Amino acid sequence: MQLVHSFQSEWLKKKRSAASWLVLIGGLLIPLILMIAQFAKPEAAQAENASGHGWEILLHRSWQFMGIFLLPLGVIMATGLVTQLEFRNNAWKHVLTLPQKLSTVFVAKLALILVMLLQCILLFNIGIYLAGALPALLLSEVPYPPEPFPIALFLERSALFFLDCLPIVALQYLLGLQFRNFLVPFGAGIVLFVASMIAINWEYGYTVPYTYCPLNVIGSNEGMSAPIHWWAAGYAAVFFIAAYVLFITRKEKS
Amino acid sequence: MLCLETKNLTHHFSSGEPVLRAISLQVAEGSIYGFLGPNGAGKTTTLRLVLGLLARQQGEIGIFGKPFHSHRVDILRKVGSLIESPSFYAQLTAKENLAVMQRLYRCPEANIPRALQLVGLGNTGKKKAGRFSLGMKQRLGIAMALLNDPSLLILDEPTNGLDPAGMVEMRELLKTLNREHGVTILVSSHLLVEVEKLATHVGIISKGALVFQGTLQELMDRRSSLVAFDTDDPAKALRIAEQQQLPACLENGRLIISPAPKETVVALNRRLVQENVGVYEISGMKNDLETIFMNLTSE
């Protein structure tokens, strides 16, 4: 019950924060661009929708842009912004003198980040649907995709990308809780992201914890033999535990 | 009965030098305890330890008769605090800031407008807290500390940033809370005048050590009686007093001697007259609180 109240409190804090705007923009940007492209070149949309794989093509294209670039960077920024909410407002000392266990503080804040990530992915999926449906509804030459909407495929891809993001969330959360200066977690995140972009062509690239989103995209293109989702889950577990231990045992709490 | 008690609280930062040395605070229930000390004496460190913001190294902390480390959440439910500058979320309104805490304290929503009204922020509407003046921010910090109807209020320099009128209002508010609602208040300050006007009990900390603890009256009673001799030759009078082995000094052209029995005063006067020093007046004078404070903190 305490966790529910702590989560509600965290949810209220993010109102009008940069992190909440980031979720909205991050979730809708790619579908919006793709929708504009469909309106600009209706003949391409016409061909794709008539192919019988319109939804699949749109889904794949959307995740390609989102998974390689926007999602990892968005997670790096949003996680940093959520933890910065306390540092920037000098509020850790206040949070830690409220009647809640330290573990509850840790879990509630983490839950907020994960819910925001789910929110972003949900918006992204709604955006993809609108990017497919609106041109068909508004342009007479673009047909509505005739095949049934592949909801299972949408859910599966979303779930896997969510899982592949978790190592980034976990490590960024760890860094965000430890460092007052926003540049430290953000800088480390960018360095690791760049390293992962270099590593995706490496045979053992799957050992680099920030590679799983781009590898997921590549994997769905070319077929991936390495069990990247298990690696992602493993790294996430290790980083979450490390973040928790460091947070709980910190000598100076604020 | 004690509301808050620390026993031999000692703390070192990584540099090694202890910043607190065996601090044993005793804050009586229903009191306003003025925790006084110069800047850097260790007031904030003590309060941060008491609230669990610093990991305890040596010593014990008890609040409401329970050890803090094993009853942290239960204790904090009944404590309101403001440590250093107020903490709030700049993008939220005053009401929204209090709503963030109301969820955690699980107190009635009606406490929010009441706390804001109490500190004079009832009409801030949709104005974001980040746009508040320094004084308004400080008031918001106090409102946050009062939201849960605390039994113990721990305030670190709460009048910082307030104008003189705001300081008077704050003092009256704290007195009212103490008198009418029975809230025990531990308030730190480096301003002796503030503490003198507010506190019922005083603890004075200097260089990490508690150099005085007691009621304000006990502190007042420390004001020692001095004797002043107004003479026509102060330098000679001082020499004579020193020959008599009396602790003496000159102040505004007068010879001042520390508390002494009446016989000593009579004997010194007789000696001065014998040595042809003209004595115009012998009068008693009291140390002011500031002098006591300076003496205690410079020892």
# chains A, B, ... in the order shown; residues from 1 in each chain; ligands from 1

$ interface_residues --of "chain B" --to "chain A" --cutoff "9 Å" --atoms "only C-alpha atoms" --output "PyMOL selection string"
chain B and resi 48+51-56+72-83+85-92+96-97+99-106

$ residues_around --residues "stretch 28-31 of chain A" --least-positions-apart "6" --cutoff "7 Å" --atoms "only C-alpha atoms" --output "ChimeraX atom specification"
/A:62,66,123-124,127-128,131

$ atom_distance --atom1 "atom CA of A:Val191" --atom2 "atom CA of A:Val107"
26.6 Å

$ select_by_dssp --residues "stretch 67-221 of chain A" --states "helix (DSSP H, G or I)" --output "ChimeraX atom specification"
/A:67-88,92-95,102-138,151-178,183-199,205-207,212-221

$ residues_around --residues "stretch 170-187 of chain B" --least-positions-apart "5" --cutoff "6 Å" --atoms "only C-alpha atoms" --output "PDB file with C-alpha atoms, in the first residue's frame"
ATOM      1  CA  GLU B  29       8.195  17.407  25.013  1.00  0.00           C
ATOM      2  CA  GLY B  30       6.228  20.611  24.526  1.00  0.00           C
ATOM      3  CA  SER B  31       9.327  22.805  24.462  1.00  0.00           C
ATOM      4  CA  ILE B  32      10.732  25.133  21.854  1.00  0.00           C
ATOM      5  CA  TYR B  33      14.372  24.148  21.783  1.00  0.00           C
ATOM      6  CA  GLY B  34      16.636  26.760  20.251  1.00  0.00           C
ATOM      7  CA  PHE B  35      19.713  25.084  18.820  1.00  0.00           C
ATOM      8  CA  SER B 151       4.179  16.353  16.980  1.00  0.00           C
ATOM      9  CA  LEU B 152       7.792  17.387  16.450  1.00  0.00           C
ATOM     10  CA  LEU B 153       8.918  20.123  14.121  1.00  0.00           C
ATOM     11  CA  ILE B 154      12.592  20.296  13.174  1.00  0.00           C
ATOM     12  CA  LEU B 155      13.510  23.559  11.495  1.00  0.00           C
ATOM     13  CA  ASP B 156      16.957  24.560  10.356  1.00  0.00           C
TER      14      ASP B 156
END

$ select_by_dssp --residues "stretch 150-217 of chain B" --states "strand (DSSP E or B)" --output "PyMOL selection string"
chain B and resi 152-156+184-189+201-206+209-215

$ write_last_selection --atoms "N, CA and C atoms" --output "compact mmCIF listing (two decimals), in the first residue's frame"
# COMPACT_ATOMS: atom_id res chain seq x y z
N LEU B 152 6.46 16.80 16.31
CA LEU B 152 7.79 17.39 16.45
C LEU B 152 8.14 18.09 15.14
N LEU B 153 8.55 19.33 15.29
CA LEU B 153 8.92 20.12 14.12
C LEU B 153 10.42 20.42 14.21
N ILE B 154 11.15 20.05 13.17
CA ILE B 154 12.59 20.30 13.17
C ILE B 154 12.89 21.31 12.07
N LEU B 155 13.32 22.47 12.46
CA LEU B 155 13.51 23.56 11.49
C LEU B 155 14.94 24.06 11.57
N ASP B 156 15.58 24.09 10.42
CA ASP B 156 16.96 24.56 10.36
C ASP B 156 16.95 25.97 9.77
N THR B 184 6.17 20.16 19.71
CA THR B 184 7.54 20.37 20.19
C THR B 184 8.36 20.89 19.01
N ILE B 185 9.16 21.90 19.23
CA ILE B 185 9.88 22.51 18.10
C ILE B 185 11.37 22.54 18.41
N LEU B 186 12.13 21.99 17.48
CA LEU B 186 13.59 22.10 17.55
C LEU B 186 14.00 23.03 16.42
N VAL B 187 14.48 24.19 16.77
CA VAL B 187 14.77 25.18 15.74
C VAL B 187 16.23 25.63 15.86
N SER B 188 16.95 25.52 14.76
CA SER B 188 18.36 25.95 14.83
C SER B 188 18.46 27.37 14.31
N SER B 189 19.44 28.07 14.82
CA SER B 189 19.66 29.43 14.36
C SER B 189 21.06 29.87 14.76
N HIS B 201 13.90 26.45 25.73
CA HIS B 201 15.13 25.74 26.07
C HIS B 201 16.20 26.08 25.03
N VAL B 202 17.44 25.97 25.44
CA VAL B 202 18.52 26.35 24.55
C VAL B 202 19.64 25.31 24.60
N GLY B 203 20.16 24.99 23.42
CA GLY B 203 21.39 24.20 23.34
C GLY B 203 22.38 25.01 22.52
N ILE B 204 23.57 25.17 23.02
CA ILE B 204 24.57 25.94 22.26
C ILE B 204 25.67 25.00 21.81
N ILE B 205 25.92 25.02 20.52
CA ILE B 205 26.95 24.14 19.96
C ILE B 205 28.09 25.01 19.42
N SER B 206 29.28 24.56 19.67
CA SER B 206 30.45 25.29 19.17
C SER B 206 31.53 24.28 18.78
N ALA B 209 30.83 20.67 19.52
CA ALA B 209 30.55 20.19 20.89
C ALA B 209 29.43 21.02 21.50
N LEU B 210 28.61 20.36 22.31
CA LEU B 210 27.52 21.07 22.98
C LEU B 210 28.10 21.75 24.22
N VAL B 211 28.11 23.08 24.22
CA VAL B 211 28.77 23.78 25.33
C VAL B 211 27.77 24.27 26.38
N PHE B 212 26.49 24.25 26.01
CA PHE B 212 25.47 24.59 27.01
C PHE B 212 24.18 23.92 26.62
N GLN B 213 23.43 23.47 27.61
CA GLN B 213 22.09 22.96 27.37
C GLN B 213 21.27 23.18 28.62
N GLY B 214 20.12 23.78 28.45
CA GLY B 214 19.25 24.02 29.60
C GLY B 214 18.11 24.92 29.20
N THR B 215 17.38 25.40 30.22
CA THR B 215 16.28 26.31 29.90
C THR B 215 16.86 27.69 29.58

$ residues_around --residues "A:Ile113" --least-positions-apart "4" --cutoff "10 Å" --atoms "only C-alpha atoms" --output "compact mmCIF listing (two decimals) with C-alpha atoms, in the first residue's frame"
# COMPACT_ATOMS: atom_id res chain seq x y z
CA GLU A 10 6.05 10.37 -7.90
CA TRP A 11 3.37 10.58 -10.59
CA ALA A 19 10.40 14.09 -18.73
CA VAL A 75 15.38 6.42 -22.30
CA ALA A 78 13.99 10.52 -19.52
CA THR A 79 15.67 8.43 -16.80
CA GLY A 80 18.13 11.25 -16.15
CA LEU A 81 15.36 13.84 -16.03
CA VAL A 82 13.31 11.84 -13.52
CA THR A 83 16.21 11.48 -11.09
CA VAL A 107 11.00 1.13 -6.37
CA ALA A 108 8.41 3.93 -6.73
CA LYS A 109 10.77 6.09 -8.75
CA LEU A 117 8.40 3.97 -20.93
CA LEU A 118 5.21 1.92 -21.35
CA GLN A 119 3.29 5.15 -21.89
CA VAL A 169 16.96 2.16 -17.83
CA ALA A 170 18.77 0.27 -15.08
CA TYR A 173 18.90 4.92 -13.09

$ closest_residue --among "B:Gly37, B:Pro164, B:Arg222, B:Asn252" --to "B:Ile292" --atoms "only C-alpha atoms"
B:Arg222

$ closest_residue --among "B:Pro150, B:Pro158, B:Gly122, B:Gly130" --to "B:Glu194" --atoms "only C-alpha atoms"
B:Pro158

$ residues_around --residues "A:Ala232" --least-positions-apart "6" --cutoff "9 Å" --atoms "only C-alpha atoms" --output "JSON, numbers by chain"
{"A": [163, 164, 165, 166, 167, 206, 209, 210, 211, 212]}

$ write_last_selection --atoms "C-alpha atoms" --output "compact mmCIF listing (two decimals), in the first residue's frame"
# COMPACT_ATOMS: atom_id res chain seq x y z
CA LEU A 163 12.73 -5.63 -22.48
CA ASP A 164 15.69 -4.52 -24.62
CA CYS A 165 15.50 -1.04 -23.08
CA LEU A 166 15.74 -2.29 -19.51
CA PRO A 167 19.57 -2.43 -19.29
CA TYR A 206 25.50 -8.43 -27.99
CA PRO A 209 24.45 -3.54 -22.74
CA TYR A 210 23.09 -0.70 -24.86
CA THR A 211 23.03 -2.66 -28.14
CA TYR A 212 19.82 -4.60 -27.68

$ closest_residue --among "B:Phe64, B:Pro38, B:Glu218, B:Ala241" --to "B:Cys3" --atoms "only C-alpha atoms"
B:Phe64

$ closest_residue --among "B:Asp163, B:Glu251, B:Glu157, B:Glu275" --to "B:Leu191" --atoms "only C-alpha atoms"
B:Glu157
